[in-house]
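See below for final09.txt, which holds compact mmCIF, C-alpha atoms.
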```txt
# COMPACT_ATOMS: atom_id res chain seq x y z
CA MET P 1 -23.67 20.13 -12.98
CA MET P 2 -20.45 18.14 -13.31
CA LYS P 3 -22.28 15.24 -11.61
CA ASP P 4 -24.95 15.24 -14.35
CA THR P 5 -22.26 15.43 -17.01
CA LEU P 6 -20.45 12.44 -15.54
CA ARG P 7 -23.70 10.41 -15.37
CA LYS P 8 -24.43 11.18 -19.02
CA ASP P 9 -20.84 10.29 -19.93
CA PHE P 10 -21.27 6.97 -18.11
CA GLU P 11 -24.40 6.17 -20.11
CA GLU P 12 -22.60 7.09 -23.33
CA LEU P 13 -19.12 5.65 -22.72
CA ALA P 14 -19.40 2.69 -20.34
CA GLU P 15 -18.09 -0.70 -21.45
CA LYS P 16 -20.10 -3.78 -20.49
CA LYS P 17 -18.49 -6.92 -19.08
CA ILE P 18 -19.34 -10.16 -20.92
CA ASP P 19 -17.12 -12.53 -18.93
CA SER P 20 -13.94 -12.60 -16.85
CA THR P 21 -11.19 -15.24 -16.70
CA GLN P 22 -8.30 -15.32 -14.24
CA VAL P 23 -5.10 -15.74 -16.27
CA PHE P 24 -2.50 -15.44 -13.48
CA ASP P 25 -2.82 -16.09 -9.75
CA GLY P 26 0.37 -14.74 -8.20
CA VAL P 27 1.43 -14.01 -4.64
CA LEU P 28 0.82 -10.29 -5.21
CA LEU P 29 -0.71 -9.98 -8.69
CA LYS P 30 -4.08 -11.46 -9.67
CA VAL P 31 -4.53 -10.89 -13.41
CA TYR P 32 -7.86 -11.23 -15.25
CA ARG P 33 -8.78 -11.12 -18.94
CA ASP P 34 -12.32 -9.77 -19.46
CA ASN P 35 -14.35 -9.78 -22.66
CA VAL P 36 -16.29 -6.51 -22.93
CA THR P 37 -18.65 -4.69 -25.26
CA LEU P 38 -17.51 -1.20 -26.31
CA PRO P 39 -19.91 1.78 -26.53
CA ASP P 40 -20.29 1.20 -30.29
CA GLY P 41 -21.30 -2.43 -29.70
CA ASN P 42 -18.01 -3.95 -30.85
CA PRO P 43 -16.25 -6.57 -28.70
CA SER P 44 -12.91 -5.91 -27.01
CA VAL P 45 -10.64 -7.34 -24.32
CA ARG P 46 -9.57 -5.70 -21.05
CA GLU P 47 -6.68 -7.06 -18.99
CA VAL P 48 -7.15 -6.10 -15.36
CA ILE P 49 -5.09 -6.53 -12.19
CA HIS P 50 -7.22 -6.63 -9.04
CA LEU P 51 -5.51 -5.21 -5.95
CA TYR P 52 -6.98 -4.27 -2.56
CA GLY P 53 -5.16 -0.95 -2.62
CA ALA P 54 -2.64 0.71 -0.37
CA VAL P 55 -2.05 3.59 1.99
CA GLY P 56 0.74 6.20 1.96
CA ILE P 57 1.62 8.45 4.91
CA ILE P 58 3.59 11.71 4.91
CA PRO P 59 4.74 12.18 8.52
CA ILE P 60 5.76 15.76 9.36
CA THR P 61 7.63 16.72 12.53
CA LYS P 62 7.02 19.92 14.53
CA ASP P 63 9.96 21.64 12.79
CA GLY P 64 8.72 20.81 9.28
CA LYS P 65 10.87 17.75 8.56
CA VAL P 66 9.33 14.87 6.62
CA VAL P 67 10.17 11.28 7.53
CA ILE P 68 11.12 9.50 4.30
CA GLU P 69 12.44 6.06 3.43
CA ARG P 70 15.04 4.93 0.99
CA GLN P 71 14.39 1.45 -0.32
CA PHE P 72 15.28 -0.79 -3.24
CA ARG P 73 12.53 -1.31 -5.81
CA TYR P 74 13.18 -4.40 -7.89
CA PRO P 75 11.03 -3.52 -10.96
CA VAL P 76 12.90 -0.24 -11.50
CA ASN P 77 16.24 -1.65 -10.19
CA ASP P 78 16.94 1.46 -8.16
CA ILE P 79 16.80 3.01 -4.70
CA THR P 80 13.72 5.20 -4.42
CA ILE P 81 12.93 7.95 -1.92
CA GLU P 82 9.41 7.22 -0.68
CA ILE P 83 6.95 8.08 2.02
CA PRO P 84 6.00 5.22 4.38
CA ALA P 85 3.35 3.06 2.72
CA GLY P 86 1.84 -0.38 2.64
CA LYS P 87 -0.86 -2.57 1.21
CA LEU P 88 -4.30 -3.00 2.70
CA ASP P 89 -4.68 -6.49 4.21
CA GLY P 90 -8.06 -7.00 2.55
CA PRO P 91 -10.93 -5.24 0.80
CA ASP P 92 -12.61 -4.28 4.08
CA GLU P 93 -9.62 -3.08 6.08
CA ASP P 94 -10.03 0.46 7.43
CA PRO P 95 -7.40 2.52 5.55
CA LEU P 96 -6.60 4.68 8.59
CA ALA P 97 -5.91 1.56 10.69
CA ALA P 98 -3.64 0.29 7.90
CA ALA P 99 -1.87 3.66 7.75
CA LYS P 100 -1.22 3.59 11.51
CA ARG P 101 0.11 0.03 11.30
CA GLU P 102 2.41 0.68 8.33
CA LEU P 103 3.81 3.91 9.81
CA LEU P 104 4.59 2.13 13.08
CA GLU P 105 6.13 -0.93 11.41
CA GLU P 106 8.30 0.97 8.95
CA THR P 107 9.42 3.92 11.08
CA GLY P 108 8.48 3.21 14.72
CA ILE P 109 6.32 6.35 14.71
CA THR P 110 2.89 6.83 16.24
CA ALA P 111 1.01 10.02 15.37
CA LYS P 112 -1.72 11.81 17.30
CA LYS P 113 -3.03 13.82 14.33
CA TRP P 114 -4.11 12.25 11.02
CA ILE P 115 -5.18 14.45 8.10
CA PRO P 116 -6.80 12.71 5.09
CA MET P 117 -5.30 13.74 1.72
CA GLY P 118 -7.66 11.86 -0.59
CA LEU P 119 -7.17 8.84 -2.79
CA TYR P 120 -6.04 8.25 -6.34
CA HIS P 121 -5.78 5.44 -8.86
CA PRO P 122 -2.17 5.07 -10.05
CA SER P 123 -3.08 3.25 -13.28
CA PRO P 124 -6.85 3.14 -13.98
CA ALA P 125 -6.12 1.74 -17.47
CA TYR P 126 -5.24 -1.70 -16.10
CA THR P 127 -5.83 -1.93 -12.34
CA ASP P 128 -8.46 -1.05 -9.75
CA GLU P 129 -5.67 -0.29 -7.25
CA LYS P 130 -6.29 2.82 -5.20
CA ILE P 131 -3.83 4.61 -2.95
CA ILE P 132 -5.17 6.51 0.05
CA LEU P 133 -2.94 9.31 1.37
CA TYR P 134 -2.65 10.78 4.87
CA MET P 135 -0.59 13.44 6.55
CA ALA P 136 0.54 12.44 10.06
CA LYS P 137 1.53 15.04 12.70
CA ASP P 138 2.25 15.21 16.45
CA LEU P 139 4.70 12.35 16.08
CA GLU P 140 6.14 10.08 18.78
CA PHE P 141 9.22 8.06 17.91
CA GLY P 142 9.83 4.41 18.81
CA ASN P 143 11.49 1.42 17.15
CA GLN P 144 10.95 0.01 13.62
CA LYS P 145 9.21 -3.38 13.41
CA LEU P 146 9.84 -4.33 9.79
CA ASP P 147 8.14 -7.31 8.17
CA GLU P 148 10.37 -10.29 7.42
CA GLY P 149 12.16 -9.69 4.13
CA GLU P 150 11.58 -5.93 4.32
CA PHE P 151 14.65 -3.66 4.21
CA LEU P 152 14.71 0.14 4.18
CA ASN P 153 16.51 3.17 5.61
CA VAL P 154 14.72 6.09 7.27
CA ASP P 155 15.76 9.75 6.95
CA PHE P 156 14.47 13.31 7.52
CA LEU P 157 14.22 16.05 4.87
CA SER P 158 12.44 19.41 4.91
CA LEU P 159 9.15 19.68 3.02
CA LYS P 160 10.60 22.60 1.08
CA ASP P 161 13.62 20.55 -0.07
CA LEU P 162 11.30 17.66 -1.00
CA VAL P 163 9.14 19.93 -3.20
CA ASP P 164 12.34 20.97 -5.02
CA MET P 165 13.32 17.31 -5.38
CA VAL P 166 9.90 16.48 -6.89
CA MET P 167 10.19 19.32 -9.40
CA ASP P 168 13.86 18.49 -10.17
CA GLY P 169 13.15 14.81 -10.88
CA LYS P 170 15.06 13.44 -7.86
CA ILE P 171 11.96 11.66 -6.51
CA ILE P 172 10.52 9.16 -8.97
CA ASP P 173 7.80 7.45 -6.91
CA GLY P 174 4.31 8.64 -7.85
CA LYS P 175 2.63 8.47 -4.41
CA THR P 176 5.58 10.33 -2.89
CA GLN P 177 5.47 13.10 -5.51
CA LEU P 178 1.74 13.51 -4.93
CA ALA P 179 1.90 13.40 -1.12
CA ILE P 180 4.64 16.04 -1.08
CA LEU P 181 2.78 18.44 -3.41
CA LYS P 182 -0.52 17.93 -1.56
CA ALA P 183 1.17 18.46 1.81
CA ALA P 184 2.87 21.62 0.51
CA TYR P 185 -0.52 22.88 -0.65
CA LEU P 186 -2.20 22.12 2.70
CA GLU P 187 0.66 23.49 4.77
CA LYS P 188 0.71 26.76 2.86
CA GLY P 189 -3.00 27.14 2.23
CA SER P 190 -2.52 27.76 -1.46
CA THR P 191 -0.55 26.20 -4.28
CA CYS P 192 0.35 29.72 -5.34
CA GLN P 193 2.41 30.01 -2.17
CA ILE P 194 4.38 26.76 -2.43
CA ASP P 195 8.01 27.73 -1.95
CA MET N 196 25.91 13.93 -0.76
CA MET N 197 22.47 12.37 -1.47
CA LYS N 198 24.08 10.67 -4.51
CA ASP N 199 26.67 8.95 -2.26
CA THR N 200 23.91 7.95 0.17
CA LEU N 201 21.87 6.40 -2.64
CA ARG N 202 24.91 4.50 -3.95
CA LYS N 203 25.60 3.10 -0.48
CA ASP N 204 21.91 2.22 -0.09
CA PHE N 205 22.05 0.37 -3.41
CA GLU N 206 25.03 -1.70 -2.24
CA GLU N 207 23.26 -2.47 1.04
CA LEU N 208 19.66 -3.00 -0.16
CA ALA N 209 19.71 -4.25 -3.78
CA GLU N 210 18.03 -7.56 -4.61
CA LYS N 211 19.76 -9.84 -7.11
CA LYS N 212 17.88 -11.55 -9.95
CA ILE N 213 18.35 -15.34 -10.14
CA ASP N 214 15.97 -16.05 -13.03
CA SER N 215 12.85 -14.68 -14.73
CA THR N 216 9.85 -16.53 -16.20
CA GLN N 217 7.04 -15.00 -18.23
CA VAL N 218 3.76 -16.10 -16.65
CA PHE N 219 1.27 -14.10 -18.76
CA ASP N 220 1.64 -12.70 -22.28
CA GLY N 221 -1.34 -10.42 -22.78
CA VAL N 222 -2.21 -7.80 -25.36
CA LEU N 223 -1.25 -5.04 -22.89
CA LEU N 224 0.19 -6.78 -19.85
CA LYS N 225 3.36 -8.88 -19.89
CA VAL N 226 3.76 -10.44 -16.44
CA TYR N 227 6.98 -12.06 -15.16
CA ARG N 228 7.82 -14.00 -12.01
CA ASP N 229 11.45 -13.52 -10.97
CA ASN N 230 13.36 -15.43 -8.32
CA VAL N 231 15.63 -13.04 -6.41
CA THR N 232 18.09 -13.00 -3.53
CA LEU N 233 17.26 -10.51 -0.75
CA PRO N 234 19.95 -8.36 0.96
CA ASP N 235 20.17 -10.90 3.83
CA GLY N 236 20.83 -13.73 1.36
CA ASN N 237 17.35 -15.28 1.61
CA PRO N 238 15.40 -16.18 -1.54
CA SER N 239 12.20 -14.38 -2.54
CA VAL N 240 9.87 -13.92 -5.51
CA ARG N 241 9.07 -10.68 -7.37
CA GLU N 242 6.12 -10.43 -9.75
CA VAL N 243 6.80 -7.74 -12.34
CA ILE N 244 4.81 -6.21 -15.18
CA HIS N 245 6.99 -4.82 -17.95
CA LEU N 246 5.52 -1.80 -19.75
CA TYR N 247 7.16 0.65 -22.16
CA GLY N 248 5.69 3.59 -20.29
CA ALA N 249 3.41 6.43 -21.23
CA VAL N 250 3.17 10.18 -21.65
CA GLY N 251 0.69 12.64 -20.17
CA ILE N 252 0.11 16.18 -21.41
CA ILE N 253 -1.53 19.12 -19.62
CA PRO N 254 -2.53 21.56 -22.40
CA ILE N 255 -3.15 25.12 -21.15
CA THR N 256 -4.81 27.82 -23.27
CA LYS N 257 -3.83 31.49 -23.27
CA ASP N 258 -6.65 32.30 -20.81
CA GLY N 259 -5.62 29.63 -18.34
CA LYS N 260 -8.06 26.88 -19.29
CA VAL N 261 -6.88 23.28 -19.22
CA VAL N 262 -8.04 20.81 -21.87
CA ILE N 263 -9.26 17.69 -20.07
CA GLU N 264 -10.93 14.46 -21.12
CA ARG N 265 -13.72 12.47 -19.57
CA GLN N 266 -13.45 8.79 -20.36
CA PHE N 267 -14.64 5.43 -19.08
CA ARG N 268 -12.03 3.36 -17.27
CA TYR N 269 -13.04 -0.28 -17.14
CA PRO N 270 -10.92 -1.42 -14.14
CA VAL N 271 -12.45 1.25 -11.87
CA ASN N 272 -15.87 1.08 -13.63
CA ASP N 273 -16.20 4.87 -13.68
CA ILE N 274 -15.81 7.99 -15.76
CA THR N 275 -12.51 9.68 -14.93
CA ILE N 276 -11.39 13.25 -15.60
CA GLU N 277 -7.92 12.94 -17.13
CA ILE N 278 -5.31 14.86 -19.02
CA PRO N 279 -4.60 13.62 -22.56
CA ALA N 280 -2.22 10.66 -22.39
CA GLY N 281 -1.07 7.59 -24.24
CA LYS N 282 1.36 4.72 -24.27
CA LEU N 283 4.81 4.81 -25.85
CA ASP N 284 4.86 2.66 -29.00
CA GLY N 285 8.12 0.98 -27.96
CA PRO N 286 11.10 1.25 -25.63
CA ASP N 287 12.97 3.63 -27.92
CA GLU N 288 10.16 6.01 -28.90
CA ASP N 289 10.97 9.66 -28.16
CA PRO N 290 8.51 10.65 -25.40
CA LEU N 291 8.03 14.17 -26.79
CA ALA N 292 7.08 12.74 -30.20
CA ALA N 293 4.61 10.41 -28.46
CA ALA N 294 3.18 13.35 -26.48
CA LYS N 295 2.64 15.35 -29.68
CA ARG N 296 0.95 12.37 -31.37
CA GLU N 297 -1.35 11.58 -28.43
CA LEU N 298 -2.38 15.20 -27.92
CA LEU N 299 -3.24 15.54 -31.62
CA GLU N 300 -5.12 12.22 -31.79
CA GLU N 301 -7.18 12.72 -28.63
CA THR N 302 -7.93 16.46 -28.82
CA GLY N 303 -6.95 17.71 -32.31
CA ILE N 304 -4.49 20.13 -30.67
CA THR N 305 -0.98 21.00 -31.83
CA ALA N 306 1.18 23.03 -29.43
CA LYS N 307 4.15 25.27 -30.17
CA LYS N 308 5.56 25.26 -26.64
CA TRP N 309 6.36 22.06 -24.72
CA ILE N 310 7.57 22.26 -21.11
CA PRO N 311 8.90 19.02 -19.55
CA MET N 312 7.42 18.25 -16.10
CA GLY N 313 9.51 15.18 -15.23
CA LEU N 314 8.67 11.51 -14.97
CA TYR N 315 7.39 9.24 -12.25
CA HIS N 316 6.77 5.57 -11.61
CA PRO N 317 3.11 4.98 -10.69
CA SER N 318 3.73 1.62 -8.97
CA PRO N 319 7.44 0.79 -8.55
CA ALA N 320 6.49 -2.17 -6.32
CA TYR N 321 5.31 -4.24 -9.30
CA THR N 322 5.99 -2.49 -12.62
CA ASP N 323 8.76 -0.64 -14.41
CA GLU N 324 6.13 1.62 -16.04
CA LYS N 325 7.12 5.27 -16.10
CA ILE N 326 4.92 8.23 -17.01
CA ILE N 327 6.53 11.29 -18.55
CA LEU N 328 4.64 14.56 -18.10
CA TYR N 329 4.58 17.69 -20.27
CA MET N 330 2.86 21.04 -20.20
CA ALA N 331 1.73 22.18 -23.67
CA LYS N 332 1.08 25.87 -24.49
CA ASP N 333 0.52 28.09 -27.53
CA LEU N 334 -2.24 25.74 -28.69
CA GLU N 335 -3.81 25.42 -32.14
CA PHE N 336 -7.12 23.56 -32.40
CA GLY N 337 -8.08 21.04 -35.08
CA ASN N 338 -10.06 17.78 -35.22
CA GLN N 339 -9.77 14.69 -33.01
CA LYS N 340 -8.37 11.55 -34.69
CA LEU N 341 -9.21 8.88 -32.12
CA ASP N 342 -7.87 5.35 -32.39
CA GLU N 343 -10.41 2.68 -33.30
CA GLY N 344 -12.21 1.60 -30.14
CA GLU N 345 -11.26 4.80 -28.29
CA PHE N 346 -14.09 6.94 -26.90
CA LEU N 347 -13.75 10.13 -24.85
CA ASN N 348 -15.21 13.61 -24.40
CA VAL N 349 -13.08 16.76 -24.30
CA ASP N 350 -13.75 19.77 -22.04
CA PHE N 351 -12.10 22.94 -20.66
CA LEU N 352 -11.66 23.80 -16.96
CA SER N 353 -9.57 26.46 -15.26
CA LEU N 354 -6.31 25.36 -13.62
CA LYS N 355 -7.49 26.94 -10.37
CA ASP N 356 -10.72 24.89 -10.39
CA LEU N 357 -8.75 21.75 -11.23
CA VAL N 358 -6.44 22.27 -8.24
CA ASP N 359 -9.56 22.49 -6.04
CA MET N 360 -10.94 19.32 -7.66
CA VAL N 361 -7.67 17.47 -6.94
CA MET N 362 -7.73 18.54 -3.29
CA ASP N 363 -11.49 17.79 -2.96
CA GLY N 364 -11.19 14.25 -4.36
CA LYS N 365 -13.10 14.89 -7.59
CA ILE N 366 -10.18 13.82 -9.77
CA ILE N 367 -9.06 10.26 -9.06
CA ASP N 368 -6.47 9.65 -11.79
CA GLY N 369 -2.92 9.80 -10.47
CA LYS N 370 -1.17 11.31 -13.50
CA THR N 371 -3.87 13.99 -13.72
CA GLN N 372 -3.55 14.91 -10.03
CA LEU N 373 0.21 15.18 -10.41
CA ALA N 374 0.15 17.14 -13.68
CA ILE N 375 -2.30 19.67 -12.22
CA LEU N 376 -0.29 20.25 -9.03
CA LYS N 377 3.00 20.48 -10.95
CA ALA N 378 1.47 22.88 -13.47
CA ALA N 379 0.05 25.01 -10.62
CA TYR N 380 3.53 25.11 -9.08
CA LEU N 381 5.16 26.15 -12.36
CA GLU N 382 2.41 28.67 -13.21
CA LYS N 383 2.15 30.01 -9.65
CA GLY N 384 2.49 33.66 -10.65
CA SER N 385 -0.36 33.50 -13.13
CA THR N 386 -2.39 30.76 -11.38
CA CYS N 387 -3.18 33.15 -8.54
CA GLN N 388 -4.64 35.59 -11.03
CA ILE N 389 -6.75 33.12 -13.02
CA ASP N 390 -10.49 33.75 -12.60
```
Can you dump the structure from the file as structure tokens?
Amino acid sequence: MMKDTLRKDFEELAEKKIDSTQVFDGVLLKVYRDNVTLPDGNPSVREVIHLYGAVGIIPITKDGKVVIERQFRYPVNDITIEIPAGKLDGPDEDPLAAAKRELLEETGITAKKWIPMGLYHPSPAYTDEKIILYMAKDLEFGNQKLDEGEFLNVDFLSLKDLVDMVMDGKIIDGKTQLAILKAAYLEKGSTCQID
Amino acid sequence: MMKDTLRKDFEELAEKKIDSTQVFDGVLLKVYRDNVTLPDGNPSVREVIHLYGAVGIIPITKDGKVVIERQFRYPVNDITIEIPAGKLDGPDEDPLAAAKRELLEETGITAKKWIPMGLYHPSPAYTDEKIILYMAKDLEFGNQKLDEGEFLNVDFLSLKDLVDMVMDGKIIDGKTQLAILKAAYLEKGSTCQID
């Protein structure tokens, strides 16, 4: 039923692309300005950033500790507590392969068990970026192999403490908040039992 | 203790701005390219989008229904199920005032009870955008007052069903996933009894 509703919404609400012009070609950010037609027939402009997307991994040890990173984020000028994560190399890269690579590079960890936790769009108003989340378990620890120019510190915190930190505002990164709450849900079987 | 750790991390990991150049001045997106110095002294470039930020509101009725919107999102070319939300008008706008305005405009609802649910940065790798979340309760219903060029449909779903939809991948908007899981956490006593 919801599927039919969404199809009808699409017919009613979709905007149609007239043309698209690249207005900035950066190292990371590719920005486009598109002319579109709104549902009422009026013209409008959409500014869109095209990104291949990224993966985020919440690695959990046998005794319930989560491997987290502390790193500097220039746009917010602060140290953020984040799960391991990284960009997809291209539009066709297998997200699980990317997740395995990023986890190994950033933390030295390989995991035997990978549990998909879905994807989300951080900002569907202006970018097609998607972030695909995984839980990683049965961990084996090796050495970090950071990319050149990449700097971060690795630490361990309990999932329970991390849920408190999400709810108390001590974790400000969106993918990390979501991965922690989803992991708490999956580990407990029910959101009602998060504690 | 974590505070001391984060201060030491900042000293060790912070990148220093050398200069900043605006490379795109759009209607919505203001893009800057900054030259920075990395922690090891090497130069690098950061591309940053400056945004004032936004608010998102999860309105919950007395019988545990959540007011959601279905709208077309051009960058992902799809209908998304989202909580009511909107941009801050400027850097100094009170987020609660913005939340009240956006909820009224998009759904016609005024709420007597506002519960802060924290903020997060959707993409701290390339933007300073923050999203501030609220739960709204004790709702009174009036008429939508949509902005010109704004089109969306309003619906009601139970919080319990929405949690399932987040975990099953039927809701792809990040702020909506987060608001639902945070609300389920805060409501956990009553959530278990809904339906």
Given 5 Å of margin on each side, can you work out the centre and size in Å (one decimal) of an axis-aligned box holding every listed atom of stretch 308-325 of chain N, as lines of an AutoDock Vina configuration file?
```
center_x = 6.3
center_y = 10.5
center_z = -16.5
size_x = 16.4
size_y = 39.5
size_z = 30.3
```
Exercise for review: Within 12 Å of P:Lys8, counting all atoms listed in the file, which residues show up once you throw out same-chain ones fewer than 3 positions away? Write them as a list in words, please.
Suggested key: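 Residues near the query, excluding close chain neighbours: Met1, Met2, Lys3, Asp4, Thr5, Glu11, Glu12, Leu13 and Ala14 of chain P; Arg265, Gln266, Phe267, Asp273, Ile274 and Asn348 of chain N.
Residue nearest N:Ile244, chosen from P:Pro75, P:Asp9, P:Asp94, P:Thr127 and counting all atoms listed in the file: P:Pro75.
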Exercise for review: Between atom CA of N:Pro319 and atom CA of N:Val231, measure the distance and give it in Å to one decimal.
Suggested key: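 Computing it gives 16.2 Å between the two atoms.
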Check your understanding: Between P:Leu119, P:Leu103, P:Leu146, P:Ile109, which has the minimum distance to chain N (counting all atoms listed in the file)?
Key ->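 That would be P:Leu119, the residue with the smallest distance to chain N.
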Contact table stretch 212-315 of chain N vs stretch 361-379 of chain N, cut-off 8 Å, shortest pair per residue, only C-alpha atoms, as CSV:
```
residue,atom,partner,partner_atom,distance
N:Gly251,CA,N:Lys370,CA,7.1
N:Ile252,CA,N:Ala374,CA,7.8
N:Ile253,CA,N:Ala374,CA,6.5
N:Thr275,CA,N:Asp368,CA,6.8
N:Ile276,CA,N:Ile366,CA,6.0
N:Glu277,CA,N:Thr371,CA,5.4
N:Ile278,CA,N:Thr371,CA,5.6
N:Met312,CA,N:Lys377,CA,7.1
```
Could you give me, as a tab-separated table (two decimals) with C-alpha atoms, keeping the file's coordinate frame, the residues within 7 Å of P:Val23, counting all atoms listed in the file and dropping anything in the same chain fewer than 5 positions from it?
```tsv
chain	number	residue	atom	x	y	z
P	31	VAL	CA	-4.53	-10.89	-13.41
P	32	TYR	CA	-7.86	-11.23	-15.25
P	33	ARG	CA	-8.78	-11.12	-18.94
```
Point to revise | Residue among N:Val271, N:Leu233, N:Leu201, N:Met360 lying closest to P:Ala125, counting all atoms listed in the file | key: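 Among N:Val271, N:Leu233, N:Leu201, N:Met360, it is N:Val271 that comes nearest to P:Ala125.
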**Study point:** Pairwise distance for atom CA of N:Val243 and atom CA of N:Lys282, rounded to one decimal in Å
**Key:**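 Separation between atom CA of N:Val243 and atom CA of N:Lys282: 18.1 Å.
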Review point. In Å, how far is it from atom CA of P:Asn35 to atom CA of P:Ile18?
Key: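 Going from atom CA of P:Asn35 over to atom CA of P:Ile18 covers 5.3 Å.
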Practice item. Tell me, as a PyMOL selection string, which residues lie within 9 Å of P:Leu139, counting all atoms listed in the file; anything in the same chain fewer than 5 positions away does not count. Key: chain P and resi 59-62+109-113
Point to revise | Counting only C-alpha atoms, the residue of N:Pro311, N:Tyr321, N:Val358, N:Asp284 that sits nearest N:Asp229 | key: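 Using only C-alpha atoms, the shortest distance to N:Asp229 belongs to N:Tyr321.
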Check your understanding: Neighbours of stretch 245-248 of chain N within 7 Å (all atoms listed in the file; same-chain residues fewer than 5 positions away dropped), as a VMD selection string?
Key -> chain N and resid 225 to 226 282 to 283 285 to 286 322 to 326
Start from the incomplete input, build N, CA, C and O atoms for stretch 309-323 of chain N, and deliver everything as a PDB file, in the coordinates of the input.
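Listing of selection-v4.pdb after writing:
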```pdb
ATOM      1  N   TRP N 309       6.423  23.288 -25.531  1.00  0.00           N
ATOM      2  CA  TRP N 309       6.360  22.060 -24.720  1.00  0.00           C
ATOM      3  C   TRP N 309       7.306  22.218 -23.530  1.00  0.00           C
ATOM      4  O   TRP N 309       8.499  22.433 -23.718  1.00  0.00           O
ATOM      5  N   ILE N 310       6.771  22.089 -22.325  1.00  0.00           N
ATOM      6  CA  ILE N 310       7.570  22.260 -21.110  1.00  0.00           C
ATOM      7  C   ILE N 310       7.618  20.925 -20.360  1.00  0.00           C
ATOM      8  O   ILE N 310       6.580  20.424 -19.912  1.00  0.00           O
ATOM      9  N   PRO N 311       8.811  20.312 -20.247  1.00  0.00           N
ATOM     10  CA  PRO N 311       8.900  19.020 -19.550  1.00  0.00           C
ATOM     11  C   PRO N 311       8.549  19.175 -18.066  1.00  0.00           C
ATOM     12  O   PRO N 311       8.940  20.151 -17.432  1.00  0.00           O
ATOM     13  N   MET N 312       7.781  18.222 -17.536  1.00  0.00           N
ATOM     14  CA  MET N 312       7.420  18.250 -16.100  1.00  0.00           C
ATOM     15  C   MET N 312       7.874  16.966 -15.404  1.00  0.00           C
ATOM     16  O   MET N 312       7.301  16.563 -14.384  1.00  0.00           O
ATOM     17  N   GLY N 313       8.923  16.325 -15.923  1.00  0.00           N
ATOM     18  CA  GLY N 313       9.510  15.180 -15.230  1.00  0.00           C
ATOM     19  C   GLY N 313       8.775  13.878 -15.448  1.00  0.00           C
ATOM     20  O   GLY N 313       7.770  13.821 -16.161  1.00  0.00           O
ATOM     21  N   LEU N 314       9.307  12.829 -14.858  1.00  0.00           N
ATOM     22  CA  LEU N 314       8.670  11.510 -14.970  1.00  0.00           C
ATOM     23  C   LEU N 314       8.419  10.964 -13.575  1.00  0.00           C
ATOM     24  O   LEU N 314       8.981  11.445 -12.586  1.00  0.00           O
ATOM     25  N   TYR N 315       7.575   9.953 -13.515  1.00  0.00           N
ATOM     26  CA  TYR N 315       7.390   9.240 -12.250  1.00  0.00           C
ATOM     27  C   TYR N 315       6.991   7.800 -12.539  1.00  0.00           C
ATOM     28  O   TYR N 315       6.548   7.475 -13.647  1.00  0.00           O
ATOM     29  N   HIS N 316       7.192   6.961 -11.541  1.00  0.00           N
ATOM     30  CA  HIS N 316       6.770   5.570 -11.610  1.00  0.00           C
ATOM     31  C   HIS N 316       5.492   5.413 -10.796  1.00  0.00           C
ATOM     32  O   HIS N 316       5.510   5.634  -9.586  1.00  0.00           O
ATOM     33  N   PRO N 317       4.365   5.058 -11.442  1.00  0.00           N
ATOM     34  CA  PRO N 317       3.110   4.980 -10.690  1.00  0.00           C
ATOM     35  C   PRO N 317       3.112   3.871  -9.632  1.00  0.00           C
ATOM     36  O   PRO N 317       2.514   4.048  -8.581  1.00  0.00           O
ATOM     37  N   SER N 318       3.765   2.758  -9.908  1.00  0.00           N
ATOM     38  CA  SER N 318       3.730   1.620  -8.970  1.00  0.00           C
ATOM     39  C   SER N 318       5.047   0.855  -9.022  1.00  0.00           C
ATOM     40  O   SER N 318       5.112  -0.254  -9.566  1.00  0.00           O
ATOM     41  N   PRO N 319       6.135   1.450  -8.446  1.00  0.00           N
ATOM     42  CA  PRO N 319       7.440   0.790  -8.550  1.00  0.00           C
ATOM     43  C   PRO N 319       7.537  -0.522  -7.784  1.00  0.00           C
ATOM     44  O   PRO N 319       8.536  -1.222  -7.903  1.00  0.00           O
ATOM     45  N   ALA N 320       6.490  -0.878  -7.018  1.00  0.00           N
ATOM     46  CA  ALA N 320       6.490  -2.170  -6.320  1.00  0.00           C
ATOM     47  C   ALA N 320       6.288  -3.328  -7.281  1.00  0.00           C
ATOM     48  O   ALA N 320       6.748  -4.441  -7.011  1.00  0.00           O
ATOM     49  N   TYR N 321       5.589  -3.104  -8.417  1.00  0.00           N
ATOM     50  CA  TYR N 321       5.310  -4.240  -9.300  1.00  0.00           C
ATOM     51  C   TYR N 321       5.429  -3.959 -10.787  1.00  0.00           C
ATOM     52  O   TYR N 321       5.164  -4.852 -11.590  1.00  0.00           O
ATOM     53  N   THR N 322       5.798  -2.728 -11.182  1.00  0.00           N
ATOM     54  CA  THR N 322       5.990  -2.490 -12.620  1.00  0.00           C
ATOM     55  C   THR N 322       7.083  -1.462 -12.870  1.00  0.00           C
ATOM     56  O   THR N 322       7.300  -0.567 -12.050  1.00  0.00           O
ATOM     57  N   ASP N 323       7.745  -1.611 -14.008  1.00  0.00           N
ATOM     58  CA  ASP N 323       8.760  -0.640 -14.410  1.00  0.00           C
ATOM     59  C   ASP N 323       8.144   0.525 -15.195  1.00  0.00           C
ATOM     60  O   ASP N 323       8.850   1.398 -15.691  1.00  0.00           O
TER      61      ASP N 323
END
```
